[in-house]
Structure formats: structure tokens, C-alpha cells
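To start, the structure itself, in C-alpha cells.
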Amino acid sequence: MSNTEADPAELLCRDRPGDGVTVLTPRDVPLGGPRAIRVRRTLPQRRRSLIGAWCFADHYGPQDVSESGGMDVAPHPHTGLQTASWLFSGEIEHRDSIGTHAMVRPGELNLMTAGHGIAHSEVSTPDTATLHGVQLWIALPDEHRDTARDFRHYAPPLLRLPGATARVFLGTLAGTTSPVPAFTPLLGAELTVEPGATLALDVDPAFEHGVLQDLGSVTVAGTALGTGELAYLAPGAGRLELTNDGGEPARVLLLGGTPFTEELVMWWNFVGRSHDEIAEYREAWQAQADRFGSVEGYQGTTAWLPAPALPQVRIKPRRNPA
């Protein structure tokens, strides 16, 4: 997805004393393109820019495509990151400058590596009635941020756990490991907890974790979450407990990783290390330079998505609190 927030508003987190959980509340933002949809954005925020290397989280839907018009994001660029697309319902057509033409479907991971530079488009298919999912970005560490473009697809098996199910699309959880390689230690999984059940999971104590609430009612280490909220847990705990006190299944995404200590400069669709780098990326995209390549087969009304103007002040780096 394309990030239209060139100068985003910042929200505060709220801490729940005694339970070690920080709750990140989403803000409502438009997704760019001729058919804009609205998304709930929980990362980045002022007090929490990353969870592991996860640096961006948009949660959208369920949206009636007949009312919203669906998703139509013209070719746009990325640098220094990976995009992880995960759907709960609907279907999105992906095209990129590697030549990939793939479908994003529920329960299947599409992971695109931008590295030095890539361009891609995203369009919901005509058969999609309801669009519902998440778009996630993963920051690449400095030694790998200029790596070559890449695209991976993986359909993780459904794991049956006591009172719950899981799909592990990155990393290791509940005795299963995704075959998709990562540039830093990461965890990504969809979890669904049955009504009245508690799910206790062994997790890596070196990881920090985030639990993104999607459907139903769930508490994380005793802290209740609302729809679209994200619970942050610092490293140290080797066990994660989720409880569903509601009468319907509760679905969440579990994200984790070792703390990412590098400073990042994030603006529009670029991840870099300085304001000057970002300005160079923008100039290259506006010139349609070879750095990003070209996307073939996109049928939208706009051939490519121009970058917004840079802010009048230098873009500040993002970092997590000490």
C-alpha cells in the first residue's frame, strides 16, 4: 500500500499499570489512489515506532466494496523495507517491477522485498465483495537495505491448538516454522481464540511482541483490547496469554521480533537513514528512474502515483524509547 501521510499526526499510547502492556490506539487515514479506502494505522506512533523490525501496520475493513469502490493503488515505489500483505477476506491483484503477477488471498502471505528499490500496484479483484486485511512493513537492517528486489508467497497450514487455531507466516510459534526467510529475527501469525478459551503460548523472551486486535473480544495478559488496537509487550516474558471472554471467536495478529535499534527516516513509501536519502529517493521516483523499474499490466486511470512534496523542515529519524 501507499502511505499518503507525508506529515502524519501523532497519537499517544496508554499504559495499563501493573500488567506490562502498552496499548496503541489506531488513527484513521485514507489510502491513496483513485479509489481511496480508509485504514486504521497503529504503527508508527510517537512512543512506539517499531515492534521488532515491524515498522508500519495498516488494518482495514471489513469494507463493502460496492460502497467503498475497493482498492486501486497505482504503481508506487518502496525502498529499504519489505511489505507483508495478509487478508482475512477479499482478493487483491499484485503486480511489481520484478514482473510478478500474483493474487493476495485470505490466509496466504505475500512478502515483497523492496531493498534498493521496487515499484508495485495493488487492485482488489472484481469478484471481491468484502475487503478486510492488514498491510505491514518490515524495516531492513542497514547491511541489507540495498538488497535486490524479491517476492515470496507462502500459504501456512492451519494449526489446531487447545481452544484456538493459528497460521504462522513468519518465524516460529507453537512448534511450527515458516520457510520464508527474514533479515532479522521475526514472528508473524494469525491467531483465532474460541469463545471462553484461554490460549497460552511459549514465545521467545528476547522478542518484543504486538497483538493487533481484529475481531471479537480478547484480553492480552489481562488487558482488554478494542477493535484495531495493538497491545505492546516488552522483551522478557517467555509466555503470552490471550483470553476470549466473549461469545464469538476472537481473531488477532501476533507480531514479534528482537528490538530494532537502528534509527530510521520514514517518509511516504520510503525507509532510509537520512533526510537527504529520502530526497534522493523522491527525485528518482519523480524522474521514473531505473532504480524502481516499471510495472507492466496495471489498467488503472493513473499510470503511476506521484510523490507528495517534501516537508519544509528536515525529516526527523524515528526510534523507539530507550
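Following the order of the C-alpha cells, first chain is A, next is B, and so on, with residues numbered from 1 inside each chain and ligands from 1 in the order they appear.
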Hey, what's within 9 Å of segment 112-122 of chain A if we count only C-alpha atoms and toss same-chain stuff fewer than 5 positions away? As a ChimeraX atom specification, please?
/A:1,71-85,92-98,140,144-153,281,290-295,298,304
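The shell of residues at most 6 Å from segment 129-136 of chain A, with only C-alpha atoms counted and near chain neighbours (fewer than 4 positions) removed, consists of A:Phe56, A:Ala57, A:Asp58, A:His59, A:Tyr60, A:Gly61, A:Pro62, A:Gln63, A:Asp64, A:Val65, A:Thr83, A:Ala84, A:Ser85, A:Trp86, A:Leu87, A:Phe88, A:Ser89, A:Gly90.
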Which one is closest to Thr172 of chain A: A:Val203, A:Ala139, A:Ala287, A:Val23? Count only C-alpha atoms.
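The closest residue to Thr172 of chain A is A:Val203.
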Could you tell me which of A:Pro249, A:Gly257, A:Leu233, A:Leu215 comes closest to Gly188 of chain A if we count only C-alpha atoms?
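Ranking A:Pro249, A:Gly257, A:Leu233, A:Leu215 by distance to Gly188 of chain A, first place goes to A:Gly257.
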Tell me which protein, DNA and RNA residues are within 8 Å of Leu242 of chain A, counting only C-alpha atoms, leaving out same-chain ones fewer than 6 positions away, and put them as a short mmCIF file (atom, residue, chain, number, x, y, z; two decimals) with N, CA and C atoms, in the first residue's frame.
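Generated output (out34.cif):
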```cif
data_model
loop_
_atom_site.label_atom_id
_atom_site.label_comp_id
_atom_site.auth_asym_id
_atom_site.auth_seq_id
_atom_site.Cartn_x
_atom_site.Cartn_y
_atom_site.Cartn_z
N VAL A 193 -9.04 -17.33 18.73
CA VAL A 193 -9.32 -17.95 20.02
C VAL A 193 -10.81 -18.18 20.16
N THR A 198 -8.79 -19.72 26.77
CA THR A 198 -7.53 -19.02 27.01
C THR A 198 -6.43 -19.76 26.26
N LEU A 199 -5.67 -19.01 25.50
CA LEU A 199 -4.55 -19.57 24.73
C LEU A 199 -3.25 -19.10 25.36
N ALA A 200 -2.43 -20.05 25.81
CA ALA A 200 -1.12 -19.74 26.38
C ALA A 200 -0.05 -20.24 25.42
N VAL A 218 -10.85 -9.86 23.14
CA VAL A 218 -9.68 -10.57 23.66
C VAL A 218 -8.96 -9.71 24.69
N THR A 219 -8.38 -10.39 25.68
CA THR A 219 -7.50 -9.72 26.64
C THR A 219 -6.10 -10.29 26.47
N VAL A 220 -5.11 -9.43 26.59
CA VAL A 220 -3.71 -9.80 26.48
C VAL A 220 -3.06 -9.56 27.84
N ALA A 221 -2.61 -10.64 28.48
CA ALA A 221 -2.05 -10.53 29.83
C ALA A 221 -2.98 -9.75 30.75
#
```
Atom CA of Ala289 of chain A to atom CA of Asp142 of chain A measures 22.5 Å
Judged by only C-alpha atoms, the minimum distance to Thr243 of chain A among A:Leu111, A:Ala224, A:Ala182, A:Leu230 is found for A:Ala224
